[in-house]
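Text of query_30.csv, listed as CSV, C-alpha atoms:
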```csv
chain,number,residue,atom,x,y,z
X,12,ALA,CA,2.9,-23.2,-15.0
X,13,LEU,CA,5.6,-22.2,-17.5
X,14,GLY,CA,7.4,-25.5,-17.9
X,15,ASP,CA,10.5,-25.4,-15.7
X,16,LEU,CA,12.5,-24.1,-18.7
X,17,THR,CA,16.3,-24.2,-18.5
X,18,SER,CA,17.3,-22.4,-21.7
X,19,GLY,CA,16.1,-19.7,-24.0
X,20,ALA,CA,14.6,-16.2,-23.6
X,21,TYR,CA,11.0,-15.4,-22.8
X,22,ASP,CA,8.5,-12.6,-22.3
X,23,ILE,CA,5.7,-12.8,-19.7
X,24,GLU,CA,3.1,-10.1,-20.2
X,25,PHE,CA,-0.3,-9.3,-18.5
X,26,ASP,CA,-2.5,-6.5,-17.3
X,27,VAL,CA,-3.6,-5.8,-13.7
X,28,TYR,CA,-6.4,-3.7,-12.2
X,29,ILE,CA,-6.8,-2.9,-8.5
X,30,GLU,CA,-9.7,-1.2,-6.9
X,31,GLU,CA,-9.3,1.5,-4.3
X,32,ASN,CA,-8.0,0.4,-0.9
X,33,TYR,CA,-7.1,-3.1,-2.2
X,34,ILE,CA,-3.7,-4.5,-3.0
X,35,GLY,CA,-2.2,-7.2,-5.3
X,36,TYR,CA,0.8,-9.4,-5.5
X,37,PHE,CA,2.6,-11.7,-8.0
X,38,ASN,CA,5.9,-13.5,-8.3
X,39,LEU,CA,7.9,-15.4,-10.8
X,40,MET,CA,9.2,-18.8,-9.6
X,41,HIS,CA,12.3,-20.8,-10.6
X,42,HIS,CA,10.3,-24.0,-10.1
X,43,HIS,CA,6.6,-24.9,-10.2
X,44,PRO,CA,5.2,-25.7,-7.7
X,45,CYS,CA,7.3,-23.1,-5.7
X,46,ASP,CA,9.4,-24.3,-2.8
X,47,GLY,CA,10.5,-20.8,-1.7
X,48,ASP,CA,12.6,-20.0,-4.7
X,49,GLN,CA,10.8,-16.9,-6.0
X,50,ALA,CA,12.9,-15.1,-8.6
X,51,ILE,CA,11.0,-11.8,-8.1
X,52,GLN,CA,8.2,-10.7,-5.8
X,53,VAL,CA,5.9,-7.7,-6.7
X,54,TYR,CA,3.7,-6.0,-4.1
X,55,LEU,CA,1.1,-3.7,-5.9
X,56,GLN,CA,-0.3,-0.7,-4.1
X,57,ALA,CA,1.6,-1.9,-1.1
X,58,THR,CA,5.0,-1.9,0.6
X,59,ASN,CA,6.4,-5.1,2.2
X,60,THR,CA,9.8,-6.1,3.3
X,61,GLY,CA,8.9,-9.6,2.4
X,62,GLN,CA,10.5,-10.9,5.5
X,63,PRO,CA,8.8,-13.3,8.0
X,64,GLY,CA,6.6,-11.4,10.4
X,65,GLY,CA,6.8,-8.2,8.3
X,66,SER,CA,3.6,-6.3,7.7
X,67,THR,CA,2.1,-5.4,4.3
X,68,ILE,CA,1.1,-1.7,4.2
X,69,VAL,CA,-1.4,-0.3,1.7
X,70,SER,CA,0.3,2.5,-0.2
X,71,ASN,CA,-1.3,3.9,-3.3
X,72,GLY,CA,1.2,5.0,-5.9
X,73,HIS,CA,3.8,2.5,-4.8
X,74,GLY,CA,4.8,-1.1,-5.1
X,75,SER,CA,7.8,-2.7,-3.5
X,76,VAL,CA,9.8,-5.2,-5.6
X,77,PRO,CA,12.5,-7.6,-4.3
X,78,ALA,CA,14.4,-8.8,-7.3
X,79,GLY,CA,18.1,-9.8,-6.9
X,80,GLY,CA,18.0,-8.2,-3.5
X,81,ALA,CA,15.7,-6.8,-0.9
X,82,GLU,CA,13.4,-4.0,-2.0
X,83,ALA,CA,15.2,-3.5,-5.3
X,84,PHE,CA,12.9,-0.9,-6.7
X,85,ASP,CA,9.5,0.8,-6.5
X,86,ILE,CA,6.6,0.7,-8.9
X,87,PRO,CA,4.5,3.9,-9.4
X,88,CYS,CA,1.2,2.0,-9.6
X,89,TYR,CA,-2.3,3.5,-8.8
X,90,TRP,CA,-5.8,2.3,-8.0
X,91,ASN,CA,-8.6,2.1,-10.5
X,92,ASP,CA,-6.4,2.0,-13.6
X,93,TRP,CA,-5.2,-0.9,-15.8
X,94,MET,CA,-1.4,-1.5,-15.5
X,95,HIS,CA,0.7,-3.4,-18.0
X,96,PHE,CA,3.6,-5.6,-17.0
X,97,ARG,CA,6.3,-7.3,-19.1
X,98,ILE,CA,9.1,-9.3,-17.6
X,99,ARG,CA,11.8,-10.6,-20.0
X,100,VAL,CA,13.8,-13.6,-18.8
X,101,ASP,CA,16.9,-14.5,-20.6
X,102,ILE,CA,18.0,-17.8,-19.1
X,103,ASP,CA,21.0,-18.3,-21.4
X,104,ASN,CA,22.5,-15.0,-20.3
X,105,ASP,CA,21.2,-15.2,-16.7
X,106,VAL,CA,19.5,-11.8,-16.8
X,107,ALA,CA,15.9,-10.5,-16.4
X,108,GLU,CA,14.3,-7.2,-17.2
X,109,PHE,CA,11.2,-5.6,-15.7
X,110,TYR,CA,8.9,-3.2,-17.7
X,111,PHE,CA,5.9,-1.3,-16.3
X,112,ASN,CA,3.5,0.4,-18.7
X,113,GLY,CA,6.1,0.2,-21.4
X,114,GLN,CA,8.9,1.7,-19.3
X,115,PHE,CA,12.0,-0.2,-18.3
X,116,LEU,CA,12.5,-0.1,-14.6
X,117,HIS,CA,15.0,-2.8,-13.4
X,118,THR,CA,17.3,-5.6,-14.4
X,119,TRP,CA,18.9,-8.3,-12.2
X,120,GLN,CA,20.6,-11.6,-12.3
X,121,TRP,CA,17.9,-14.1,-13.1
X,122,SER,CA,19.3,-17.1,-11.2
X,123,LEU,CA,19.2,-15.2,-7.9
X,124,GLU,CA,16.3,-15.7,-5.4
X,125,SER,CA,14.3,-12.5,-4.9
X,126,PHE,CA,16.3,-11.6,-1.8
X,127,ALA,CA,19.5,-13.0,-3.2
X,128,ASN,CA,19.4,-16.0,-0.9
X,129,PRO,CA,22.2,-18.2,-2.1
X,130,ASP,CA,20.4,-21.4,-1.1
X,131,TYR,CA,17.9,-20.9,-3.9
X,132,SER,CA,20.2,-19.9,-6.8
X,133,ASP,CA,18.8,-21.5,-9.9
X,134,GLY,CA,18.4,-20.4,-13.6
X,135,THR,CA,15.2,-22.3,-14.2
X,136,LEU,CA,11.9,-20.6,-15.2
X,137,GLY,CA,9.1,-22.5,-13.6
X,138,GLY,CA,5.9,-20.4,-13.3
X,139,ILE,CA,4.1,-17.2,-12.4
X,140,ASP,CA,2.0,-16.9,-9.3
X,141,PHE,CA,-0.9,-14.5,-8.7
X,142,PHE,CA,-1.6,-14.7,-5.0
X,143,PRO,CA,-2.5,-12.6,-1.9
X,144,PRO,CA,0.6,-11.6,0.0
X,145,VAL,CA,1.0,-12.6,3.6
X,146,ASN,CA,-0.6,-10.4,6.2
X,147,ALA,CA,-2.8,-8.7,3.6
X,148,ASN,CA,-6.5,-9.7,4.0
X,149,ASN,CA,-7.5,-6.8,1.7
X,150,SER,CA,-5.8,-8.3,-1.3
X,151,ARG,CA,-8.1,-8.4,-4.4
X,152,TYR,CA,-7.2,-7.7,-8.0
X,153,TYR,CA,-8.0,-8.5,-11.6
X,154,VAL,CA,-5.7,-10.0,-14.2
X,155,ASP,CA,-6.3,-9.9,-18.0
X,156,ASN,CA,-4.5,-10.7,-21.3
X,157,VAL,CA,-1.8,-13.1,-20.0
X,158,VAL,CA,0.7,-13.9,-22.8
X,159,PHE,CA,3.9,-16.0,-22.6
X,160,SER,CA,6.1,-15.9,-25.6
X,161,VAL,CA,9.6,-16.9,-26.9
X,162,VAL,CA,12.2,-14.2,-27.7
X,163,PRO,CA,13.1,-13.6,-30.4
X,164,GLY,CA,10.4,-14.3,-32.9
X,165,ASN,CA,7.5,-13.9,-30.5
X,166,GLU,CA,6.3,-17.5,-30.7
X,167,THR,CA,3.4,-17.5,-28.4
X,168,LEU,CA,3.3,-20.4,-25.8
X,169,VAL,CA,0.4,-19.1,-23.7
X,170,ASP,CA,-2.3,-16.5,-24.7
X,171,ASP,CA,-5.2,-16.2,-22.3
X,172,SER,CA,-7.8,-13.4,-22.4
X,173,PHE,CA,-10.3,-15.4,-20.2
X,174,GLU,CA,-13.0,-14.8,-22.8
X,175,GLU,CA,-13.7,-18.5,-23.4
X,176,TYR,CA,-14.5,-19.3,-19.7
X,177,ALA,CA,-17.8,-18.8,-17.9
X,178,VAL,CA,-18.1,-15.9,-15.5
X,179,GLY,CA,-18.0,-17.3,-11.9
X,180,SER,CA,-16.0,-20.4,-12.9
X,181,LYS,CA,-12.7,-21.3,-11.3
X,182,ILE,CA,-9.8,-20.6,-13.7
X,183,ALA,CA,-7.8,-23.8,-13.1
X,184,THR,CA,-10.9,-25.9,-13.5
X,185,ALA,CA,-12.3,-24.0,-16.6
X,186,SER,CA,-8.9,-23.8,-18.4
X,187,ASN,CA,-8.2,-27.5,-17.9
X,188,ALA,CA,-11.7,-28.3,-19.2
X,189,ALA,CA,-10.9,-26.2,-22.3
X,190,GLY,CA,-7.7,-28.2,-22.9
X,191,HIS,CA,-5.2,-25.7,-21.4
X,192,ALA,CA,-2.7,-27.0,-19.0
X,193,TRP,CA,-1.2,-23.8,-17.8
X,194,TRP,CA,-3.4,-22.8,-14.9
X,195,THR,CA,-3.3,-24.5,-11.5
X,196,THR,CA,-3.3,-23.6,-7.8
X,197,TRP,CA,-0.7,-23.3,-5.0
X,198,SER,CA,-2.2,-26.5,-3.5
X,199,GLN,CA,-2.4,-28.3,-6.9
X,200,GLU,CA,-6.1,-28.6,-6.4
X,201,ALA,CA,-8.2,-27.1,-9.2
X,202,GLY,CA,-11.5,-25.7,-8.1
X,203,GLY,CA,-10.4,-25.3,-4.5
X,204,THR,CA,-10.5,-22.2,-2.2
X,205,ASN,CA,-7.3,-20.7,-3.7
X,206,ASP,CA,-8.4,-21.2,-7.4
X,207,GLY,CA,-9.0,-17.8,-9.0
X,208,THR,CA,-12.5,-16.8,-10.2
X,209,VAL,CA,-13.4,-15.6,-13.7
X,210,SER,CA,-15.0,-12.2,-13.4
X,211,ASP,CA,-16.7,-9.7,-15.7
X,212,ALA,CA,-16.4,-6.8,-13.1
X,213,TYR,CA,-13.4,-5.3,-15.0
X,214,ALA,CA,-11.7,-6.2,-18.2
X,215,SER,CA,-8.7,-4.6,-20.0
X,216,GLU,CA,-10.0,-6.1,-23.3
X,217,GLY,CA,-13.2,-8.0,-24.0
X,218,VAL,CA,-15.6,-8.8,-21.2
X,219,ASN,CA,-13.9,-11.2,-18.7
```

For this file, produce the structure as structure tokens.
Amino acid sequence: ALGDLTSGAYDIEFDVYIEENYIGYFNLMHHHPCDGDQAIQVYLQATNTGQPGGSTIVSNGHGSVPAGGAEAFDIPCYWNDWMHFRIRVDIDNDVAEFYFNGQFLHTWQWSLESFANPDYSDGTLGGIDFFPPVNANNSRYYVDNVVFSVVPGNETLVDDSFEEYAVGSKIATASNAAGHAWWTTWSQEAGGTNDGTVSDAYASEGVN
């Protein structure tokens, strides 16, 4: 949860690791909880039109990204390697930028829904969602070093390396117990079946 912000500029950064034959997905939402108004959707190691009934196809070396329009660009992502993402959202100027492993890939009008659906036009920044995409039962991936900061000045609002949580714990439950209010679940039920699990199988930095 990023606060349903209506002004300012922000960077959202994190690392992702995907094992062979698995895929991942995340989106940025204009509002949290999301009501269908994703600002960007990112399919990792996969291609997906994002449309109802569409299939998600495993595709190493690719990732399809609707942002300001259907399938706006492709990400050259690969299995068994940590990938770094940075998304800059400038609400005041209604623009967003997407960076992959330090390389600028795309810019779009922030207030647009990911498929440019006019019914969801909104400049708010609500949250980021790490979630399995529809029609993809082979979705499993690891996230590390989540940082949310203000631009300019780099004032850090969220900095989570998962090191303070117990392995095997549920992230929304563990982070709330540690006094952090930023992790929750799609159903708003911490500890439920869609609550992410803290793991030490892979780590970009540290252990968890």

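In terms of minimum interatomic distance to Leu55 (chain X), X:Pro144 ranks closest within X:Pro144, X:Ser180, X:Pro129, X:Ala83, counting only C-alpha atoms.
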
Contact residues around region 69-74 of chain X with all atoms listed in the file at 6 Å, ignoring same-chain residues under 2 positions, as a ChimeraX atom specification
/X:54-58,85-89

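Note that CA of Thr135 (chain X) and CA of Ile102 (chain X) are 7.2 Å apart.
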
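Minimum atom-to-atom distance to Phe25 (chain X), evaluated using only C-alpha atoms, belongs to X:Asn112 out of X:Asn104, X:Asn112, X:Ser198, X:Thr118.
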
Would you kindly identify which residues have an atom no farther than 12 Å from (-6.0, -6.2, -15.1), using only C-alpha atoms and the file's own coordinates, and write them out as a PyMOL selection string?
chain X and resi 24-30+35+55+90-96+141+151-157+172-173+210-219

State, in Å with one decimal place, the distance from CA of Pro44 (chain X) to CA of Leu116 (chain X).
27.5 Å

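Using all atoms listed in the file, the smallest distance between any of X:Val53, X:Leu168, X:Leu136, X:Cys45 and Ser122 (chain X) comes from X:Leu136.
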
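Here CA of Ala188 (chain X) stands at a distance of 18.4 Å from CA of Leu13 (chain X).
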
For Ser75 (chain X), which residue among X:Leu123, X:Gly190, X:Asp101, X:Phe37 is the nearest when counting all atoms listed in the file?
X:Phe37

Just the residues within 12 Å of Asn187 (chain X), please, counting all atoms listed in the file, with nothing from its chain fewer than 4 positions along; format it as a ChimeraX atom specification.
/X:175-176,180-183,191-196,200-202

Compile the contact shell of region 48-51 of chain X as a PyMOL selection string: residues with an atom at most 8 Å away, counting all atoms listed in the file, same-chain residues fewer than 3 positions apart removed.
chain X and resi 38-42+45+76-79+121-125+131-132

Restrict the output to region 58-96 of chain X and N, CA and C atoms, then write it as a PDB file, in the first residue's frame.
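Saved as selection-v7.pdb:
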```pdb
ATOM      1  N   THR X  58       4.098 -13.975 -21.976  1.00  0.00           N
ATOM      2  CA  THR X  58       3.339 -13.049 -22.813  1.00  0.00           C
ATOM      3  C   THR X  58       1.866 -13.248 -22.505  1.00  0.00           C
ATOM      4  N   ASN X  59       1.120 -12.154 -22.497  1.00  0.00           N
ATOM      5  CA  ASN X  59      -0.290 -12.195 -22.167  1.00  0.00           C
ATOM      6  C   ASN X  59      -0.927 -10.937 -22.725  1.00  0.00           C
ATOM      7  N   THR X  60      -2.034 -11.092 -23.427  1.00  0.00           N
ATOM      8  CA  THR X  60      -2.735  -9.911 -23.942  1.00  0.00           C
ATOM      9  C   THR X  60      -3.401  -9.149 -22.816  1.00  0.00           C
ATOM     10  N   GLY X  61      -3.589  -9.820 -21.654  1.00  0.00           N
ATOM     11  CA  GLY X  61      -4.255  -9.184 -20.536  1.00  0.00           C
ATOM     12  C   GLY X  61      -5.757  -9.115 -20.660  1.00  0.00           C
ATOM     13  N   GLN X  62      -6.285  -9.584 -21.758  1.00  0.00           N
ATOM     14  CA  GLN X  62      -7.722  -9.507 -21.977  1.00  0.00           C
ATOM     15  C   GLN X  62      -8.431 -10.719 -21.362  1.00  0.00           C
ATOM     16  N   PRO X  63      -9.709 -10.565 -20.983  1.00  0.00           N
ATOM     17  CA  PRO X  63     -10.454 -11.689 -20.399  1.00  0.00           C
ATOM     18  C   PRO X  63     -10.439 -12.904 -21.321  1.00  0.00           C
ATOM     19  N   GLY X  64     -10.123 -14.063 -20.747  1.00  0.00           N
ATOM     20  CA  GLY X  64     -10.085 -15.291 -21.521  1.00  0.00           C
ATOM     21  C   GLY X  64      -8.776 -15.526 -22.242  1.00  0.00           C
ATOM     22  N   GLY X  65      -7.895 -14.545 -22.223  1.00  0.00           N
ATOM     23  CA  GLY X  65      -6.612 -14.698 -22.892  1.00  0.00           C
ATOM     24  C   GLY X  65      -5.688 -15.607 -22.114  1.00  0.00           C
ATOM     25  N   SER X  66      -4.815 -16.294 -22.814  1.00  0.00           N
ATOM     26  CA  SER X  66      -3.901 -17.224 -22.159  1.00  0.00           C
ATOM     27  C   SER X  66      -2.599 -16.534 -21.789  1.00  0.00           C
ATOM     28  N   THR X  67      -1.933 -17.063 -20.773  1.00  0.00           N
ATOM     29  CA  THR X  67      -0.610 -16.619 -20.386  1.00  0.00           C
ATOM     30  C   THR X  67       0.388 -17.664 -20.855  1.00  0.00           C
ATOM     31  N   ILE X  68       1.328 -17.276 -21.700  1.00  0.00           N
ATOM     32  CA  ILE X  68       2.245 -18.215 -22.327  1.00  0.00           C
ATOM     33  C   ILE X  68       3.651 -18.017 -21.770  1.00  0.00           C
ATOM     34  N   VAL X  69       4.245 -19.085 -21.248  1.00  0.00           N
ATOM     35  CA  VAL X  69       5.619 -19.016 -20.753  1.00  0.00           C
ATOM     36  C   VAL X  69       6.544 -18.702 -21.921  1.00  0.00           C
ATOM     37  N   SER X  70       7.415 -17.706 -21.729  1.00  0.00           N
ATOM     38  CA  SER X  70       8.262 -17.268 -22.835  1.00  0.00           C
ATOM     39  C   SER X  70       9.545 -16.675 -22.281  1.00  0.00           C
ATOM     40  N   ASN X  71      10.566 -17.512 -22.075  1.00  0.00           N
ATOM     41  CA  ASN X  71      11.826 -17.039 -21.526  1.00  0.00           C
ATOM     42  C   ASN X  71      12.445 -15.977 -22.426  1.00  0.00           C
ATOM     43  N   GLY X  72      12.954 -14.923 -21.806  1.00  0.00           N
ATOM     44  CA  GLY X  72      13.547 -13.832 -22.556  1.00  0.00           C
ATOM     45  C   GLY X  72      12.577 -12.730 -22.905  1.00  0.00           C
ATOM     46  N   HIS X  73      11.333 -12.888 -22.456  1.00  0.00           N
ATOM     47  CA  HIS X  73      10.307 -11.900 -22.794  1.00  0.00           C
ATOM     48  C   HIS X  73       9.439 -11.584 -21.591  1.00  0.00           C
ATOM     49  N   GLY X  74       8.828 -10.427 -21.652  1.00  0.00           N
ATOM     50  CA  GLY X  74       7.806 -10.033 -20.705  1.00  0.00           C
ATOM     51  C   GLY X  74       6.938  -8.992 -21.359  1.00  0.00           C
ATOM     52  N   SER X  75       5.634  -9.204 -21.388  1.00  0.00           N
ATOM     53  CA  SER X  75       4.747  -8.239 -22.043  1.00  0.00           C
ATOM     54  C   SER X  75       4.212  -7.239 -21.027  1.00  0.00           C
ATOM     55  N   VAL X  76       4.159  -5.974 -21.440  1.00  0.00           N
ATOM     56  CA  VAL X  76       3.816  -4.893 -20.519  1.00  0.00           C
ATOM     57  C   VAL X  76       2.773  -3.959 -21.137  1.00  0.00           C
ATOM     58  N   PRO X  77       1.526  -4.046 -20.705  1.00  0.00           N
ATOM     59  CA  PRO X  77       0.555  -3.005 -21.038  1.00  0.00           C
ATOM     60  C   PRO X  77       0.747  -1.803 -20.112  1.00  0.00           C
ATOM     61  N   ALA X  78       0.976  -0.638 -20.706  1.00  0.00           N
ATOM     62  CA  ALA X  78       1.145   0.604 -19.941  1.00  0.00           C
ATOM     63  C   ALA X  78       0.765   1.763 -20.853  1.00  0.00           C
ATOM     64  N   GLY X  79      -0.402   2.342 -20.638  1.00  0.00           N
ATOM     65  CA  GLY X  79      -0.884   3.398 -21.515  1.00  0.00           C
ATOM     66  C   GLY X  79      -1.429   2.871 -22.825  1.00  0.00           C
ATOM     67  N   GLY X  80      -1.572   1.550 -22.938  1.00  0.00           N
ATOM     68  CA  GLY X  80      -2.069   0.914 -24.148  1.00  0.00           C
ATOM     69  C   GLY X  80      -1.686  -0.546 -24.161  1.00  0.00           C
ATOM     70  N   ALA X  81      -2.409  -1.363 -24.906  1.00  0.00           N
ATOM     71  CA  ALA X  81      -2.194  -2.807 -24.911  1.00  0.00           C
ATOM     72  C   ALA X  81      -0.796  -3.165 -25.396  1.00  0.00           C
ATOM     73  N   GLU X  82      -0.134  -4.072 -24.654  1.00  0.00           N
ATOM     74  CA  GLU X  82       1.183  -4.593 -25.014  1.00  0.00           C
ATOM     75  C   GLU X  82       2.114  -3.479 -25.484  1.00  0.00           C
ATOM     76  N   ALA X  83       2.343  -2.529 -24.620  1.00  0.00           N
ATOM     77  CA  ALA X  83       3.109  -1.333 -24.982  1.00  0.00           C
ATOM     78  C   ALA X  83       4.561  -1.642 -25.324  1.00  0.00           C
ATOM     79  N   PHE X  84       5.174  -2.580 -24.588  1.00  0.00           N
ATOM     80  CA  PHE X  84       6.573  -2.915 -24.871  1.00  0.00           C
ATOM     81  C   PHE X  84       6.919  -4.267 -24.265  1.00  0.00           C
ATOM     82  N   ASP X  85       8.118  -4.748 -24.574  1.00  0.00           N
ATOM     83  CA  ASP X  85       8.577  -6.066 -24.163  1.00  0.00           C
ATOM     84  C   ASP X  85       9.808  -5.924 -23.256  1.00  0.00           C
ATOM     85  N   ILE X  86       9.915  -6.810 -22.257  1.00  0.00           N
ATOM     86  CA  ILE X  86      11.071  -6.809 -21.351  1.00  0.00           C
ATOM     87  C   ILE X  86      11.959  -8.009 -21.671  1.00  0.00           C
ATOM     88  N   PRO X  87      13.261  -7.808 -21.835  1.00  0.00           N
ATOM     89  CA  PRO X  87      14.175  -8.933 -22.104  1.00  0.00           C
ATOM     90  C   PRO X  87      14.613  -9.623 -20.814  1.00  0.00           C
ATOM     91  N   CYS X  88      13.657 -10.255 -20.120  1.00  0.00           N
ATOM     92  CA  CYS X  88      13.971 -10.887 -18.838  1.00  0.00           C
ATOM     93  C   CYS X  88      14.246 -12.378 -19.018  1.00  0.00           C
ATOM     94  N   TYR X  89      15.071 -12.936 -18.107  1.00  0.00           N
ATOM     95  CA  TYR X  89      15.504 -14.332 -18.223  1.00  0.00           C
ATOM     96  C   TYR X  89      15.401 -15.052 -16.888  1.00  0.00           C
ATOM     97  N   TRP X  90      15.277 -16.370 -16.971  1.00  0.00           N
ATOM     98  CA  TRP X  90      15.217 -17.183 -15.764  1.00  0.00           C
ATOM     99  C   TRP X  90      16.552 -17.195 -15.020  1.00  0.00           C
ATOM    100  N   ASN X  91      16.468 -17.527 -13.730  1.00  0.00           N
ATOM    101  CA  ASN X  91      17.634 -17.802 -12.882  1.00  0.00           C
ATOM    102  C   ASN X  91      18.603 -16.632 -12.808  1.00  0.00           C
ATOM    103  N   ASP X  92      18.070 -15.430 -12.764  1.00  0.00           N
ATOM    104  CA  ASP X  92      18.906 -14.243 -12.676  1.00  0.00           C
ATOM    105  C   ASP X  92      18.110 -13.130 -12.006  1.00  0.00           C
ATOM    106  N   TRP X  93      18.737 -12.413 -11.088  1.00  0.00           N
ATOM    107  CA  TRP X  93      18.047 -11.304 -10.445  1.00  0.00           C
ATOM    108  C   TRP X  93      17.874 -10.149 -11.427  1.00  0.00           C
ATOM    109  N   MET X  94      16.689  -9.579 -11.445  1.00  0.00           N
ATOM    110  CA  MET X  94      16.355  -8.440 -12.300  1.00  0.00           C
ATOM    111  C   MET X  94      15.970  -7.260 -11.418  1.00  0.00           C
ATOM    112  N   HIS X  95      16.412  -6.062 -11.817  1.00  0.00           N
ATOM    113  CA  HIS X  95      16.094  -4.868 -11.043  1.00  0.00           C
ATOM    114  C   HIS X  95      15.087  -4.013 -11.799  1.00  0.00           C
ATOM    115  N   PHE X  96      14.049  -3.588 -11.101  1.00  0.00           N
ATOM    116  CA  PHE X  96      13.013  -2.735 -11.680  1.00  0.00           C
ATOM    117  C   PHE X  96      12.961  -1.402 -10.948  1.00  0.00           C
TER     118      PHE X  96
END
```
